[in-house]
file upload.cif (mmCIF, N, CA and C atoms)
data_data
loop_
_atom_site.label_atom_id
_atom_site.label_comp_id
_atom_site.auth_asym_id
_atom_site.auth_seq_id
_atom_site.Cartn_x
_atom_site.Cartn_y
_atom_site.Cartn_z
N SER I 1 118.73 103.92 105.56
CA SER I 1 117.98 104.51 104.47
C SER I 1 117.05 105.62 104.93
N ARG I 2 116.76 105.66 106.23
CA ARG I 2 115.84 106.67 106.72
C ARG I 2 116.36 108.09 106.49
N ASN I 3 117.67 108.29 106.65
CA ASN I 3 118.19 109.64 106.45
C ASN I 3 118.14 110.05 104.99
N ARG I 4 117.88 109.12 104.11
CA ARG I 4 117.71 109.41 102.68
C ARG I 4 116.22 109.43 102.31
N ASN I 5 115.36 109.19 103.29
CA ASN I 5 113.92 109.05 103.04
C ASN I 5 113.65 107.93 102.04
N ASN I 6 114.50 106.92 102.03
CA ASN I 6 114.38 105.81 101.10
C ASN I 6 113.94 104.57 101.89
N PHE I 7 112.64 104.41 102.02
CA PHE I 7 112.09 103.37 102.87
C PHE I 7 112.02 101.99 102.21
N PHE I 8 112.38 101.91 100.94
CA PHE I 8 112.31 100.65 100.21
C PHE I 8 113.68 100.20 99.70
N GLY I 9 114.73 100.91 100.07
CA GLY I 9 116.07 100.54 99.62
C GLY I 9 116.23 100.65 98.11
N LEU I 10 115.60 101.65 97.52
CA LEU I 10 115.63 101.81 96.06
C LEU I 10 117.01 102.29 95.62
N ARG I 11 117.56 101.57 94.66
CA ARG I 11 118.91 101.87 94.18
C ARG I 11 118.88 102.72 92.92
N CYS I 12 119.99 103.43 92.72
CA CYS I 12 120.18 104.18 91.48
C CYS I 12 120.65 103.22 90.39
N PHE I 13 120.53 103.66 89.17
CA PHE I 13 121.05 102.89 88.07
C PHE I 13 122.57 102.84 88.17
N LYS I 14 123.16 101.83 87.59
CA LYS I 14 124.62 101.73 87.58
C LYS I 14 125.23 103.00 87.00
N LYS I 15 126.32 103.40 87.57
CA LYS I 15 127.09 104.57 87.12
C LYS I 15 126.30 105.86 87.21
N CYS I 16 125.33 105.93 88.08
CA CYS I 16 124.54 107.14 88.26
C CYS I 16 125.38 108.19 88.99
N LYS I 17 125.41 109.37 88.47
CA LYS I 17 126.15 110.45 89.10
C LYS I 17 125.24 111.63 89.46
N ALA I 18 123.94 111.39 89.47
CA ALA I 18 122.98 112.45 89.78
C ALA I 18 123.05 112.84 91.25
N SER I 19 122.65 114.04 91.56
CA SER I 19 122.72 114.53 92.93
C SER I 19 121.78 113.77 93.87
N HIS I 20 120.75 113.13 93.32
CA HIS I 20 119.82 112.39 94.17
C HIS I 20 120.32 110.98 94.49
N CYS I 21 121.49 110.60 93.98
CA CYS I 21 122.07 109.30 94.27
C CYS I 21 123.16 109.45 95.33
N GLU I 22 123.09 108.59 96.31
CA GLU I 22 124.05 108.63 97.40
C GLU I 22 124.41 107.18 97.74
N SER I 23 125.67 106.81 97.50
CA SER I 23 126.12 105.44 97.77
C SER I 23 125.25 104.42 97.04
N ASN I 24 124.91 104.69 95.79
CA ASN I 24 124.10 103.83 94.93
C ASN I 24 122.63 103.75 95.32
N TYR I 25 122.19 104.53 96.28
CA TYR I 25 120.79 104.56 96.68
C TYR I 25 120.19 105.92 96.36
N ILE I 26 118.92 105.91 96.00
CA ILE I 26 118.24 107.16 95.68
C ILE I 26 117.96 107.92 96.99
N LYS I 27 118.25 109.19 96.98
CA LYS I 27 117.96 110.05 98.13
C LYS I 27 116.73 110.89 97.79
N PHE I 28 115.69 110.77 98.61
CA PHE I 28 114.45 111.51 98.40
C PHE I 28 114.40 112.67 99.38
N ASN I 29 113.78 113.75 98.98
CA ASN I 29 113.66 114.92 99.84
C ASN I 29 112.66 114.71 100.98
N THR I 30 111.62 113.93 100.70
CA THR I 30 110.59 113.70 101.71
C THR I 30 110.15 112.22 101.66
N PRO I 31 109.55 111.72 102.73
CA PRO I 31 109.01 110.37 102.69
C PRO I 31 107.94 110.23 101.60
N GLU I 32 107.13 111.27 101.43
CA GLU I 32 106.07 111.23 100.41
C GLU I 32 106.65 111.02 99.01
N GLU I 33 107.75 111.69 98.74
CA GLU I 33 108.42 111.54 97.44
C GLU I 33 108.84 110.09 97.21
N CYS I 34 109.33 109.45 98.26
CA CYS I 34 109.74 108.05 98.15
C CYS I 34 108.54 107.15 97.84
N PHE I 35 107.45 107.33 98.58
CA PHE I 35 106.27 106.50 98.38
C PHE I 35 105.66 106.72 97.00
N GLU I 36 105.65 107.95 96.52
CA GLU I 36 105.13 108.23 95.18
C GLU I 36 105.98 107.54 94.11
N PHE I 37 107.28 107.60 94.26
CA PHE I 37 108.19 106.96 93.30
C PHE I 37 108.00 105.44 93.32
N TYR I 38 107.87 104.88 94.52
CA TYR I 38 107.67 103.44 94.68
C TYR I 38 106.37 103.00 93.99
N CYS I 39 105.31 103.77 94.17
CA CYS I 39 104.04 103.45 93.51
C CYS I 39 104.16 103.50 91.99
N LYS I 40 104.92 104.46 91.49
CA LYS I 40 105.15 104.55 90.04
C LYS I 40 105.87 103.32 89.53
N ILE I 41 106.87 102.86 90.27
CA ILE I 41 107.61 101.66 89.88
C ILE I 41 106.67 100.47 89.80
N LEU I 42 105.86 100.29 90.84
CA LEU I 42 104.99 99.11 90.90
C LEU I 42 103.84 99.17 89.91
N SER I 43 103.58 100.33 89.34
CA SER I 43 102.49 100.44 88.35
C SER I 43 102.99 100.29 86.92
N THR I 44 104.27 99.98 86.75
CA THR I 44 104.81 99.79 85.40
C THR I 44 104.44 98.40 84.86
N GLU I 45 104.64 98.24 83.59
CA GLU I 45 104.34 96.97 82.91
C GLU I 45 105.06 95.78 83.56
N ARG I 46 106.26 96.03 84.03
CA ARG I 46 107.08 94.97 84.63
C ARG I 46 106.38 94.29 85.80
N TYR I 47 105.56 95.04 86.52
CA TYR I 47 104.91 94.51 87.72
C TYR I 47 103.39 94.39 87.56
N LYS I 48 102.91 94.29 86.34
CA LYS I 48 101.46 94.26 86.08
C LYS I 48 100.77 93.08 86.74
N GLU I 49 101.48 92.00 87.00
CA GLU I 49 100.88 90.81 87.61
C GLU I 49 100.52 91.01 89.08
N LEU I 50 100.95 92.09 89.69
CA LEU I 50 100.68 92.33 91.11
C LEU I 50 99.21 92.60 91.41
N LYS I 51 98.52 93.17 90.46
CA LYS I 51 97.13 93.60 90.69
C LYS I 51 96.24 92.43 91.12
N GLY I 52 95.58 92.63 92.25
CA GLY I 52 94.63 91.63 92.74
C GLY I 52 95.24 90.45 93.46
N LYS I 53 96.52 90.47 93.71
CA LYS I 53 97.20 89.35 94.35
C LYS I 53 97.26 89.54 95.86
N THR I 54 97.44 88.45 96.56
CA THR I 54 97.66 88.53 98.00
C THR I 54 99.08 89.03 98.24
N ALA I 55 99.35 89.41 99.47
CA ALA I 55 100.69 89.89 99.80
C ALA I 55 101.73 88.80 99.56
N GLU I 56 101.40 87.57 99.90
CA GLU I 56 102.34 86.46 99.70
C GLU I 56 102.59 86.22 98.21
N GLU I 57 101.54 86.27 97.41
CA GLU I 57 101.70 86.11 95.96
C GLU I 57 102.52 87.26 95.38
N ALA I 58 102.28 88.46 95.89
CA ALA I 58 103.03 89.63 95.42
C ALA I 58 104.52 89.48 95.71
N ALA I 59 104.87 88.90 96.84
CA ALA I 59 106.28 88.69 97.17
C ALA I 59 106.96 87.84 96.11
N ASP I 60 106.30 86.77 95.69
CA ASP I 60 106.87 85.90 94.65
C ASP I 60 106.96 86.63 93.31
N ILE I 61 105.94 87.41 92.98
CA ILE I 61 105.94 88.15 91.72
C ILE I 61 107.07 89.18 91.70
N LEU I 62 107.25 89.89 92.80
CA LEU I 62 108.34 90.86 92.88
C LEU I 62 109.69 90.19 92.68
N GLN I 63 109.87 89.06 93.33
CA GLN I 63 111.13 88.31 93.19
C GLN I 63 111.35 87.89 91.75
N LYS I 64 110.33 87.33 91.15
CA LYS I 64 110.42 86.86 89.76
C LYS I 64 110.70 87.99 88.78
N ALA I 65 110.15 89.17 89.06
CA ALA I 65 110.32 90.32 88.17
C ALA I 65 111.67 91.00 88.36
N GLY I 66 112.45 90.53 89.32
CA GLY I 66 113.78 91.09 89.52
C GLY I 66 113.82 92.32 90.39
N TYR I 67 112.80 92.49 91.26
CA TYR I 67 112.73 93.68 92.10
C TYR I 67 113.93 93.78 93.05
N ALA I 68 114.33 92.66 93.64
CA ALA I 68 115.40 92.69 94.64
C ALA I 68 116.56 91.79 94.23
N ALA I 69 117.74 92.19 94.62
CA ALA I 69 118.94 91.40 94.31
C ALA I 69 119.08 90.19 95.22
N ASN I 70 118.51 90.27 96.40
CA ASN I 70 118.62 89.18 97.36
C ASN I 70 117.78 87.99 96.91
N PRO I 71 118.41 86.83 96.71
CA PRO I 71 117.65 85.66 96.26
C PRO I 71 116.63 85.17 97.30
N GLU I 72 116.75 85.63 98.53
CA GLU I 72 115.82 85.24 99.60
C GLU I 72 114.74 86.30 99.84
N TYR I 73 114.65 87.28 98.95
CA TYR I 73 113.73 88.40 99.15
C TYR I 73 112.30 87.93 99.38
N ALA I 74 111.76 87.11 98.50
CA ALA I 74 110.36 86.68 98.62
C ALA I 74 110.14 85.91 99.92
N ARG I 75 111.05 85.02 100.25
CA ARG I 75 110.92 84.24 101.49
C ARG I 75 110.95 85.17 102.71
N ASN I 76 111.91 86.10 102.73
CA ASN I 76 112.02 87.03 103.86
C ASN I 76 110.79 87.92 103.98
N LEU I 77 110.28 88.38 102.85
CA LEU I 77 109.09 89.22 102.86
C LEU I 77 107.88 88.45 103.38
N LYS I 78 107.76 87.18 102.99
CA LYS I 78 106.64 86.37 103.46
C LYS I 78 106.72 86.12 104.96
N VAL I 79 107.91 85.99 105.50
CA VAL I 79 108.08 85.85 106.95
C VAL I 79 107.54 87.10 107.65
N LEU I 80 107.90 88.28 107.14
CA LEU I 80 107.39 89.53 107.71
C LEU I 80 105.87 89.64 107.60
N ILE I 81 105.34 89.24 106.46
CA ILE I 81 103.89 89.29 106.24
C ILE I 81 103.19 88.41 107.28
N ARG I 82 103.70 87.20 107.50
CA ARG I 82 103.10 86.29 108.48
C ARG I 82 103.19 86.87 109.90
N LEU I 83 104.33 87.46 110.23
CA LEU I 83 104.49 88.07 111.56
C LEU I 83 103.47 89.19 111.78
N ILE I 84 103.28 90.02 110.77
CA ILE I 84 102.32 91.11 110.87
C ILE I 84 100.90 90.57 111.00
N LYS I 85 100.57 89.56 110.21
CA LYS I 85 99.23 88.97 110.28
C LYS I 85 98.99 88.34 111.65
N ASN I 86 99.99 87.64 112.17
CA ASN I 86 99.85 87.03 113.49
C ASN I 86 99.71 88.08 114.58
N TYR I 87 100.44 89.17 114.46
CA TYR I 87 100.36 90.25 115.43
C TYR I 87 98.97 90.88 115.42
N LYS I 88 98.43 91.06 114.23
CA LYS I 88 97.08 91.65 114.12
C LYS I 88 96.02 90.74 114.71
N ASN I 89 96.24 89.43 114.62
CA ASN I 89 95.25 88.46 115.10
C ASN I 89 95.34 88.20 116.60
N ASP I 90 96.39 88.69 117.25
CA ASP I 90 96.54 88.49 118.70
C ASP I 90 95.70 89.45 119.49
#
call {"tool": "encode", "arguments": {"input": "upload.cif", "output": "structure tokens"}}
result
Amino acid sequence: SRNRNNFFGLRCFKKCKASHCESNYIKFNTPEECFEFYCKILSTERYKELKGKTAEEAADILQKAGYAANPEYARNLKVLIRLIKNYKND
């Protein structure tokens, strides 16, 4: 995804034929464009429950809201969160 500047694995809508879609993933011109788009997604009504939550709580909310297709998304994200927290505390 790095060559697409797509750091979050953001997918295009089904049957998307736009030039910014490549193999069903959105292709961004810059990393900044990707982060701005990601922030817009997370600020929509669908993800309103994220505000004020811990990272672990946010993982569950994202999963529940249908953010990722992987049924293990929240669990996998929480593993990464714990690894990062443990690394910071060492």
call {"tool": "atom_distance", "arguments": {"input": "upload.cif", "atom1": "atom N of Asn29 (chain I)", "atom2": "CA of Arg4 (chain I)"}}
result
6.9 Å
call {"tool": "atom_distance", "arguments": {"input": "upload.cif", "atom1": "CA of Phe28 (chain I)", "atom2": "atom C of Asn5 (chain I)"}}
result
5.2 Å
call {"tool": "atom_distance", "arguments": {"input": "upload.cif", "atom1": "CA of Tyr73 (chain I)", "atom2": "CA of Ala59 (chain I)"}}
result
7.7 Å
call {"tool": "axis_aligned_box", "arguments": {"input": "upload.cif", "around": "region 70-82 of chain I", "padding_each_side": "5 Å", "output": "AutoDock Vina command-line options"}}
result
--center_x 110.9 --center_y 87.3 --center_z 103.1 --size_x 25.5 --size_y 16.0 --size_z 23.6
call {"tool": "select_by_dssp", "arguments": {"input": "upload.cif", "residues": "chain I", "states": "helix (DSSP H, G or I)", "output": "JSON list (two decimals) with N, CA and C atoms, keeping the file's coordinate frame"}}
result
[["chain", "number", "residue", "atom", "x", "y", "z"],
["I", 2, "ARG", "N", 116.76, 105.66, 106.23],
["I", 2, "ARG", "CA", 115.84, 106.67, 106.72],
["I", 2, "ARG", "C", 116.36, 108.09, 106.49],
["I", 3, "ASN", "N", 117.67, 108.29, 106.65],
["I", 3, "ASN", "CA", 118.19, 109.64, 106.45],
["I", 3, "ASN", "C", 118.14, 110.05, 104.99],
["I", 4, "ARG", "N", 117.88, 109.12, 104.11],
["I", 4, "ARG", "CA", 117.71, 109.41, 102.68],
["I", 4, "ARG", "C", 116.22, 109.43, 102.31],
["I", 31, "PRO", "N", 109.55, 111.72, 102.73],
["I", 31, "PRO", "CA", 109.01, 110.37, 102.69],
["I", 31, "PRO", "C", 107.94, 110.23, 101.60],
["I", 32, "GLU", "N", 107.13, 111.27, 101.43],
["I", 32, "GLU", "CA", 106.07, 111.23, 100.41],
["I", 32, "GLU", "C", 106.65, 111.02, 99.01],
["I", 33, "GLU", "N", 107.75, 111.69, 98.74],
["I", 33, "GLU", "CA", 108.42, 111.54, 97.44],
["I", 33, "GLU", "C", 108.84, 110.09, 97.21],
["I", 34, "CYS", "N", 109.33, 109.45, 98.26],
["I", 34, "CYS", "CA", 109.74, 108.05, 98.15],
["I", 34, "CYS", "C", 108.54, 107.15, 97.84],
["I", 35, "PHE", "N", 107.45, 107.33, 98.58],
["I", 35, "PHE", "CA", 106.27, 106.50, 98.38],
["I", 35, "PHE", "C", 105.66, 106.72, 97.00],
["I", 36, "GLU", "N", 105.65, 107.95, 96.52],
["I", 36, "GLU", "CA", 105.13, 108.23, 95.18],
["I", 36, "GLU", "C", 105.98, 107.54, 94.11],
["I", 37, "PHE", "N", 107.28, 107.60, 94.26],
["I", 37, "PHE", "CA", 108.19, 106.96, 93.30],
["I", 37, "PHE", "C", 108.00, 105.44, 93.32],
["I", 38, "TYR", "N", 107.87, 104.88, 94.52],
["I", 38, "TYR", "CA", 107.67, 103.44, 94.68],
["I", 38, "TYR", "C", 106.37, 103.00, 93.99],
["I", 39, "CYS", "N", 105.31, 103.77, 94.17],
["I", 39, "CYS", "CA", 104.04, 103.45, 93.51],
["I", 39, "CYS", "C", 104.16, 103.50, 91.99],
["I", 40, "LYS", "N", 104.92, 104.46, 91.49],
["I", 40, "LYS", "CA", 105.15, 104.55, 90.04],
["I", 40, "LYS", "C", 105.87, 103.32, 89.53],
["I", 41, "ILE", "N", 106.87, 102.86, 90.27],
["I", 41, "ILE", "CA", 107.61, 101.66, 89.88],
["I", 41, "ILE", "C", 106.67, 100.47, 89.80],
["I", 42, "LEU", "N", 105.86, 100.29, 90.84],
["I", 42, "LEU", "CA", 104.99, 99.11, 90.90],
["I", 42, "LEU", "C", 103.84, 99.17, 89.91],
["I", 45, "GLU", "N", 104.64, 98.24, 83.59],
["I", 45, "GLU", "CA", 104.34, 96.97, 82.91],
["I", 45, "GLU", "C", 105.06, 95.78, 83.56],
["I", 46, "ARG", "N", 106.26, 96.03, 84.03],
["I", 46, "ARG", "CA", 107.08, 94.97, 84.63],
["I", 46, "ARG", "C", 106.38, 94.29, 85.80],
["I", 47, "TYR", "N", 105.56, 95.04, 86.52],
["I", 47, "TYR", "CA", 104.91, 94.51, 87.72],
["I", 47, "TYR", "C", 103.39, 94.39, 87.56],
["I", 48, "LYS", "N", 102.91, 94.29, 86.34],
["I", 48, "LYS", "CA", 101.46, 94.26, 86.08],
["I", 48, "LYS", "C", 100.77, 93.08, 86.74],
["I", 49, "GLU", "N", 101.48, 92.00, 87.00],
["I", 49, "GLU", "CA", 100.88, 90.81, 87.61],
["I", 49, "GLU", "C", 100.52, 91.01, 89.08],
["I", 50, "LEU", "N", 100.95, 92.09, 89.69],
["I", 50, "LEU", "CA", 100.68, 92.33, 91.11],
["I", 50, "LEU", "C", 99.21, 92.60, 91.41],
["I", 55, "ALA", "N", 99.35, 89.41, 99.47],
["I", 55, "ALA", "CA", 100.69, 89.89, 99.80],
["I", 55, "ALA", "C", 101.73, 88.80, 99.56],
["I", 56, "GLU", "N", 101.40, 87.57, 99.90],
["I", 56, "GLU", "CA", 102.34, 86.46, 99.70],
["I", 56, "GLU", "C", 102.59, 86.22, 98.21],
["I", 57, "GLU", "N", 101.54, 86.27, 97.41],
["I", 57, "GLU", "CA", 101.70, 86.11, 95.96],
["I", 57, "GLU", "C", 102.52, 87.26, 95.38],
["I", 58, "ALA", "N", 102.28, 88.46, 95.89],
["I", 58, "ALA", "CA", 103.03, 89.63, 95.42],
["I", 58, "ALA", "C", 104.52, 89.48, 95.71],
["I", 59, "ALA", "N", 104.87, 88.90, 96.84],
["I", 59, "ALA", "CA", 106.28, 88.69, 97.17],
["I", 59, "ALA", "C", 106.96, 87.84, 96.11],
["I", 60, "ASP", "N", 106.30, 86.77, 95.69],
["I", 60, "ASP", "CA", 106.87, 85.90, 94.65],
["I", 60, "ASP", "C", 106.96, 86.63, 93.31],
["I", 61, "ILE", "N", 105.94, 87.41, 92.98],
["I", 61, "ILE", "CA", 105.94, 88.15, 91.72],
["I", 61, "ILE", "C", 107.07, 89.18, 91.70],
["I", 62, "LEU", "N", 107.25, 89.89, 92.80],
["I", 62, "LEU", "CA", 108.34, 90.86, 92.88],
["I", 62, "LEU", "C", 109.69, 90.19, 92.68],
["I", 63, "GLN", "N", 109.87, 89.06, 93.33],
["I", 63, "GLN", "CA", 111.13, 88.31, 93.19],
["I", 63, "GLN", "C", 111.35, 87.89, 91.75],
["I", 64, "LYS", "N", 110.33, 87.33, 91.15],
["I", 64, "LYS", "CA", 110.42, 86.86, 89.76],
["I", 64, "LYS", "C", 110.70, 87.99, 88.78],
["I", 73, "TYR", "N", 114.65, 87.28, 98.95],
["I", 73, "TYR", "CA", 113.73, 88.40, 99.15],
["I", 73, "TYR", "C", 112.30, 87.93, 99.38],
["I", 74, "ALA", "N", 111.76, 87.11, 98.50],
["I", 74, "ALA", "CA", 110.36, 86.68, 98.62],
["I", 74, "ALA", "C", 110.14, 85.91, 99.92],
["I", 75, "ARG", "N", 111.05, 85.02, 100.25],
["I", 75, "ARG", "CA", 110.92, 84.24, 101.49],
["I", 75, "ARG", "C", 110.95, 85.17, 102.71],
["I", 76, "ASN", "N", 111.91, 86.10, 102.73],
["I", 76, "ASN", "CA", 112.02, 87.03, 103.86],
["I", 76, "ASN", "C", 110.79, 87.92, 103.98],
["I", 77, "LEU", "N", 110.28, 88.38, 102.85],
["I", 77, "LEU", "CA", 109.09, 89.22, 102.86],
["I", 77, "LEU", "C", 107.88, 88.45, 103.38],
["I", 78, "LYS", "N", 107.76, 87.18, 102.99],
["I", 78, "LYS", "CA", 106.64, 86.37, 103.46],
["I", 78, "LYS", "C", 106.72, 86.12, 104.96],
["I", 79, "VAL", "N", 107.91, 85.99, 105.50],
["I", 79, "VAL", "CA", 108.08, 85.85, 106.95],
["I", 79, "VAL", "C", 107.54, 87.10, 107.65],
["I", 80, "LEU", "N", 107.90, 88.28, 107.14],
["I", 80, "LEU", "CA", 107.39, 89.53, 107.71],
["I", 80, "LEU", "C", 105.87, 89.64, 107.60],
["I", 81, "ILE", "N", 105.34, 89.24, 106.46],
["I", 81, "ILE", "CA", 103.89, 89.29, 106.24],
["I", 81, "ILE", "C", 103.19, 88.41, 107.28],
["I", 82, "ARG", "N", 103.70, 87.20, 107.50],
["I", 82, "ARG", "CA", 103.10, 86.29, 108.48],
["I", 82, "ARG", "C", 103.19, 86.87, 109.90],
["I", 83, "LEU", "N", 104.33, 87.46, 110.23],
["I", 83, "LEU", "CA", 104.49, 88.07, 111.56],
["I", 83, "LEU", "C", 103.47, 89.19, 111.78],
["I", 84, "ILE", "N", 103.28, 90.02, 110.77],
["I", 84, "ILE", "CA", 102.32, 91.11, 110.87],
["I", 84, "ILE", "C", 100.90, 90.57, 111.00],
["I", 85, "LYS", "N", 100.57, 89.56, 110.21],
["I", 85, "LYS", "CA", 99.23, 88.97, 110.28],
["I", 85, "LYS", "C", 98.99, 88.34, 111.65],
["I", 86, "ASN", "N", 99.99, 87.64, 112.17],
["I", 86, "ASN", "CA", 99.85, 87.03, 113.49],
["I", 86, "ASN", "C", 99.71, 88.08, 114.58],
["I", 87, "TYR", "N", 100.44, 89.17, 114.46],
["I", 87, "TYR", "CA", 100.36, 90.25, 115.43],
["I", 87, "TYR", "C", 98.97, 90.88, 115.42],
["I", 88, "LYS", "N", 98.43, 91.06, 114.23],
["I", 88, "LYS", "CA", 97.08, 91.65, 114.12],
["I", 88, "LYS", "C", 96.02, 90.74, 114.71],
["I", 89, "ASN", "N", 96.24, 89.43, 114.62],
["I", 89, "ASN", "CA", 95.25, 88.46, 115.10],
["I", 89, "ASN", "C", 95.34, 88.20, 116.60]]
call {"tool": "residues_around", "arguments": {"input": "upload.cif", "residues": "Tyr25 (chain I)", "least_positions_apart": "3", "cutoff": "5 Å", "atoms": "only N, CA and C atoms", "output": "PyMOL selection string"}}
result
chain I and resi 10-12+21-22
call {"tool": "resolve_selection", "arguments": {"input": "upload.cif", "expression": "the PyMOL selection byres (((chain I and resi 74 and name CA) around 10) and name CA)", "output": "PyMOL selection string"}}
result
chain I and resi 56-64+67-68+70-73+75-80
call {"tool": "write_last_selection", "arguments": {"input": "upload.cif", "atoms": "N, CA and C atoms", "output": "mmCIF file, in the coordinates of the input"}}
result
data_model
loop_
_atom_site.group_PDB
_atom_site.id
_atom_site.type_symbol
_atom_site.label_atom_id
_atom_site.label_comp_id
_atom_site.auth_asym_id
_atom_site.auth_seq_id
_atom_site.Cartn_x
_atom_site.Cartn_y
_atom_site.Cartn_z
ATOM 1 N N GLU I 56 101.400 87.570 99.900
ATOM 2 C CA GLU I 56 102.340 86.460 99.700
ATOM 3 C C GLU I 56 102.590 86.220 98.210
ATOM 4 N N GLU I 57 101.540 86.270 97.410
ATOM 5 C CA GLU I 57 101.700 86.110 95.960
ATOM 6 C C GLU I 57 102.520 87.260 95.380
ATOM 7 N N ALA I 58 102.280 88.460 95.890
ATOM 8 C CA ALA I 58 103.030 89.630 95.420
ATOM 9 C C ALA I 58 104.520 89.480 95.710
ATOM 10 N N ALA I 59 104.870 88.900 96.840
ATOM 11 C CA ALA I 59 106.280 88.690 97.170
ATOM 12 C C ALA I 59 106.960 87.840 96.110
ATOM 13 N N ASP I 60 106.300 86.770 95.690
ATOM 14 C CA ASP I 60 106.870 85.900 94.650
ATOM 15 C C ASP I 60 106.960 86.630 93.310
ATOM 16 N N ILE I 61 105.940 87.410 92.980
ATOM 17 C CA ILE I 61 105.940 88.150 91.720
ATOM 18 C C ILE I 61 107.070 89.180 91.700
ATOM 19 N N LEU I 62 107.250 89.890 92.800
ATOM 20 C CA LEU I 62 108.340 90.860 92.880
ATOM 21 C C LEU I 62 109.690 90.190 92.680
ATOM 22 N N GLN I 63 109.870 89.060 93.330
ATOM 23 C CA GLN I 63 111.130 88.310 93.190
ATOM 24 C C GLN I 63 111.350 87.890 91.750
ATOM 25 N N LYS I 64 110.330 87.330 91.150
ATOM 26 C CA LYS I 64 110.420 86.860 89.760
ATOM 27 C C LYS I 64 110.700 87.990 88.780
ATOM 28 N N TYR I 67 112.800 92.490 91.260
ATOM 29 C CA TYR I 67 112.730 93.680 92.100
ATOM 30 C C TYR I 67 113.930 93.780 93.050
ATOM 31 N N ALA I 68 114.330 92.660 93.640
ATOM 32 C CA ALA I 68 115.400 92.690 94.640
ATOM 33 C C ALA I 68 116.560 91.790 94.230
ATOM 34 N N ASN I 70 118.510 90.270 96.400
ATOM 35 C CA ASN I 70 118.620 89.180 97.360
ATOM 36 C C ASN I 70 117.780 87.990 96.910
ATOM 37 N N PRO I 71 118.410 86.830 96.710
ATOM 38 C CA PRO I 71 117.650 85.660 96.260
ATOM 39 C C PRO I 71 116.630 85.170 97.300
ATOM 40 N N GLU I 72 116.750 85.630 98.530
ATOM 41 C CA GLU I 72 115.820 85.240 99.600
ATOM 42 C C GLU I 72 114.740 86.300 99.840
ATOM 43 N N TYR I 73 114.650 87.280 98.950
ATOM 44 C CA TYR I 73 113.730 88.400 99.150
ATOM 45 C C TYR I 73 112.300 87.930 99.380
ATOM 46 N N ARG I 75 111.050 85.020 100.250
ATOM 47 C CA ARG I 75 110.920 84.240 101.490
ATOM 48 C C ARG I 75 110.950 85.170 102.710
ATOM 49 N N ASN I 76 111.910 86.100 102.730
ATOM 50 C CA ASN I 76 112.020 87.030 103.860
ATOM 51 C C ASN I 76 110.790 87.920 103.980
ATOM 52 N N LEU I 77 110.280 88.380 102.850
ATOM 53 C CA LEU I 77 109.090 89.220 102.860
ATOM 54 C C LEU I 77 107.880 88.450 103.380
ATOM 55 N N LYS I 78 107.760 87.180 102.990
ATOM 56 C CA LYS I 78 106.640 86.370 103.460
ATOM 57 C C LYS I 78 106.720 86.120 104.960
ATOM 58 N N VAL I 79 107.910 85.990 105.500
ATOM 59 C CA VAL I 79 108.080 85.850 106.950
ATOM 60 C C VAL I 79 107.540 87.100 107.650
ATOM 61 N N LEU I 80 107.900 88.280 107.140
ATOM 62 C CA LEU I 80 107.390 89.530 107.710
ATOM 63 C C LEU I 80 105.870 89.640 107.600
#
